[in-house]
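Below: the structure, in structure tokens.
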Amino acid sequence: MRALPTLLLAALALLGWGLAAWWAASPTLPGPWAVAAAGWMLAREGPLLSDLAASLGRVSVGFTAAALAGVLLGAASAAIGRWGRALRRLLELLRPIPPIAWVPLAILWFGLGDPSAWFIVFLGAFFPIYIQVTLALADCPPHYLELARSLGARPGLVLWRVRLPAAMPQVVAGLRTGLGLAWTSLIAAELVGAQSGLGYRIQMHRLVLETEGVMVGMLCIGLLGAAMALLARGLERWLVPWSAP
């Protein structure tokens, strides 16, 4: 029953899309059935599935590297006090730069292909993870720390047994945000800096004026992003059940 409103809204959206396509009667706005047929053909002939695999592989590598670097560096920044705050201020200079602005440099440094896409995905995911981890570990409730110190806990033990468990809900939330930004950053990078993947496929269909193929790629991006969000929420409920909605 919980899914009923979502299904009804999806049905209304498809109906509206179909009516708009019928009213426009233009090849630039194909209807749902035309897009579904194009998607079936692309999946059957192979390019769509291979592009899906390429995009998922790139986002997996880039996000994993960003998660490791963000968590470790964020924990270190929270633990080393003044130096950590100085590092956070330095990284704040780079954080406002959108990942797509790094694409020209990524292509110059790494060329077209996977390494440049990994780099863009890393940048997209790293900063929100690092900032969230740093703030979460630095904002541990003071009475937790006072109790641990009164029992003679050393700084390393305080970080591992007190700060980290208290910060876990925010850390997991930061990872979930980083995953979403990693996915959008990857698609932006593939539009201009890759020779495979969903972003590349959308660009190729645009060049030959195949609007159905463009919309198939866009729908795949949306569906995969929604699947990632559901997976991330499931992992959050498993890792921190006391804070998950």
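FYI, nothing fancy with the structure tokens labels: chains A, B, ... in order, residues from 1 per chain, ligands from 1 as they appear.
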Residues of region 23-118 of chain A within 7 Å of region 165-189 of chain A: nearest atom pair and distance (Å, one decimal) for each, counting only C-alpha atoms, sorted by chain and number, as JSON lines?
```
{"residue": "A:Val59", "atom": "CA", "partner": "A:Trp183", "partner_atom": "CA", "distance": 6.3}
{"residue": "A:Phe63", "atom": "CA", "partner": "A:Ala182", "partner_atom": "CA", "distance": 6.3}
{"residue": "A:Ala67", "atom": "CA", "partner": "A:Leu175", "partner_atom": "CA", "distance": 6.8}
{"residue": "A:Pro99", "atom": "CA", "partner": "A:Ser185", "partner_atom": "CA", "distance": 6.2}
{"residue": "A:Ile100", "atom": "CA", "partner": "A:Ala188", "partner_atom": "CA", "distance": 6.2}
{"residue": "A:Val103", "atom": "CA", "partner": "A:Ala189", "partner_atom": "CA", "distance": 6.3}
{"residue": "A:Ala117", "atom": "CA", "partner": "A:Ala189", "partner_atom": "CA", "distance": 6.0}
```
Find the residues around Phe126 (chain A) up to 8 Å (only C-alpha atoms counted), leave out those fewer than 3 positions away in its own chain, and share them as a list of chain:residue names. A:Phe63, A:Ala66, A:Ala67, A:Ala69, A:Gly70, A:Phe122, A:Leu123, A:Ile129, A:Tyr130, A:Gly178
Hey, which bits of region 101-207 of chain A sit within 9 Å of region 87-97 of chain A, and for each residue what's the closest pair of atoms and how far apart in Å (one decimal), counting only C-alpha atoms, rows by chain and increasing number, as a Markdown table?
```
| residue | atom | partner | partner_atom | distance |
| --- | --- | --- | --- | --- |
| A:Ala101 | CA | A:Ile97 | CA | 6.7 |
| A:Trp102 | CA | A:Ile97 | CA | 8.0 |
| A:Leu123 | CA | A:Arg95 | CA | 8.7 |
| A:Phe127 | CA | A:Arg95 | CA | 6.2 |
| A:Pro128 | CA | A:Arg95 | CA | 8.5 |
| A:Tyr130 | CA | A:Arg88 | CA | 8.8 |
| A:Ile131 | CA | A:Arg88 | CA | 7.7 |
| A:Thr134 | CA | A:Arg88 | CA | 8.3 |
```
Please determine, counting only C-alpha atoms, which residue among A:Ala54, A:Ala232, A:Ala25, A:Leu137 has the shortest atom-to-atom distance to Leu72 (chain A). A:Leu137
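For the set A:Leu112, A:Leu219, A:Leu12, A:Leu52, the residue with the smallest atom-to-atom gap to Ala38 (chain A) is A:Leu219, counting only C-alpha atoms.
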If I take CA of Gly197 (chain A) and CA of Gly31 (chain A), how far is one from the other in Å, to one decimal?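 Calculated distance between CA of Gly197 (chain A) and CA of Gly31 (chain A) is 24.1 Å.
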What parts of region 47-143 of chain A does DSSP call alpha helix (DSSP H)? I'd like the answer as an MDAnalysis selection string. chainID A and resid 47:79 82:92 103:110 114:138 142:143
Just to confirm, what's the straight-line distance from CA of Arg58 (chain A) to CA of Asp114 (chain A) in Å (one decimal)? 6.6 Å
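Closest approach to Arg149 (chain A) from the set A:Ile80, A:Val162, A:Met228, A:Val133 is made by A:Val162, with distances taken over only C-alpha atoms.
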Atom-to-atom span, CA of Gly222 (chain A) and CA of Glu236 (chain A), Å: 20.9 Å
Fewer than 4 positions away in the same chain doesn't count, so skip those; otherwise give me all residues within 12 Å of Leu48 (chain A), counting only C-alpha atoms, as a PyMOL selection string. chain A and resi 38-44+52-55+196-202+205+213-214+216-221
Which of these, A:Leu105, A:Ala194, A:Ala34, A:Leu239, has the shortest distance to Trp22 (chain A) once you count only C-alpha atoms?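 Under the stated criterion, the closest residue is A:Ala34.
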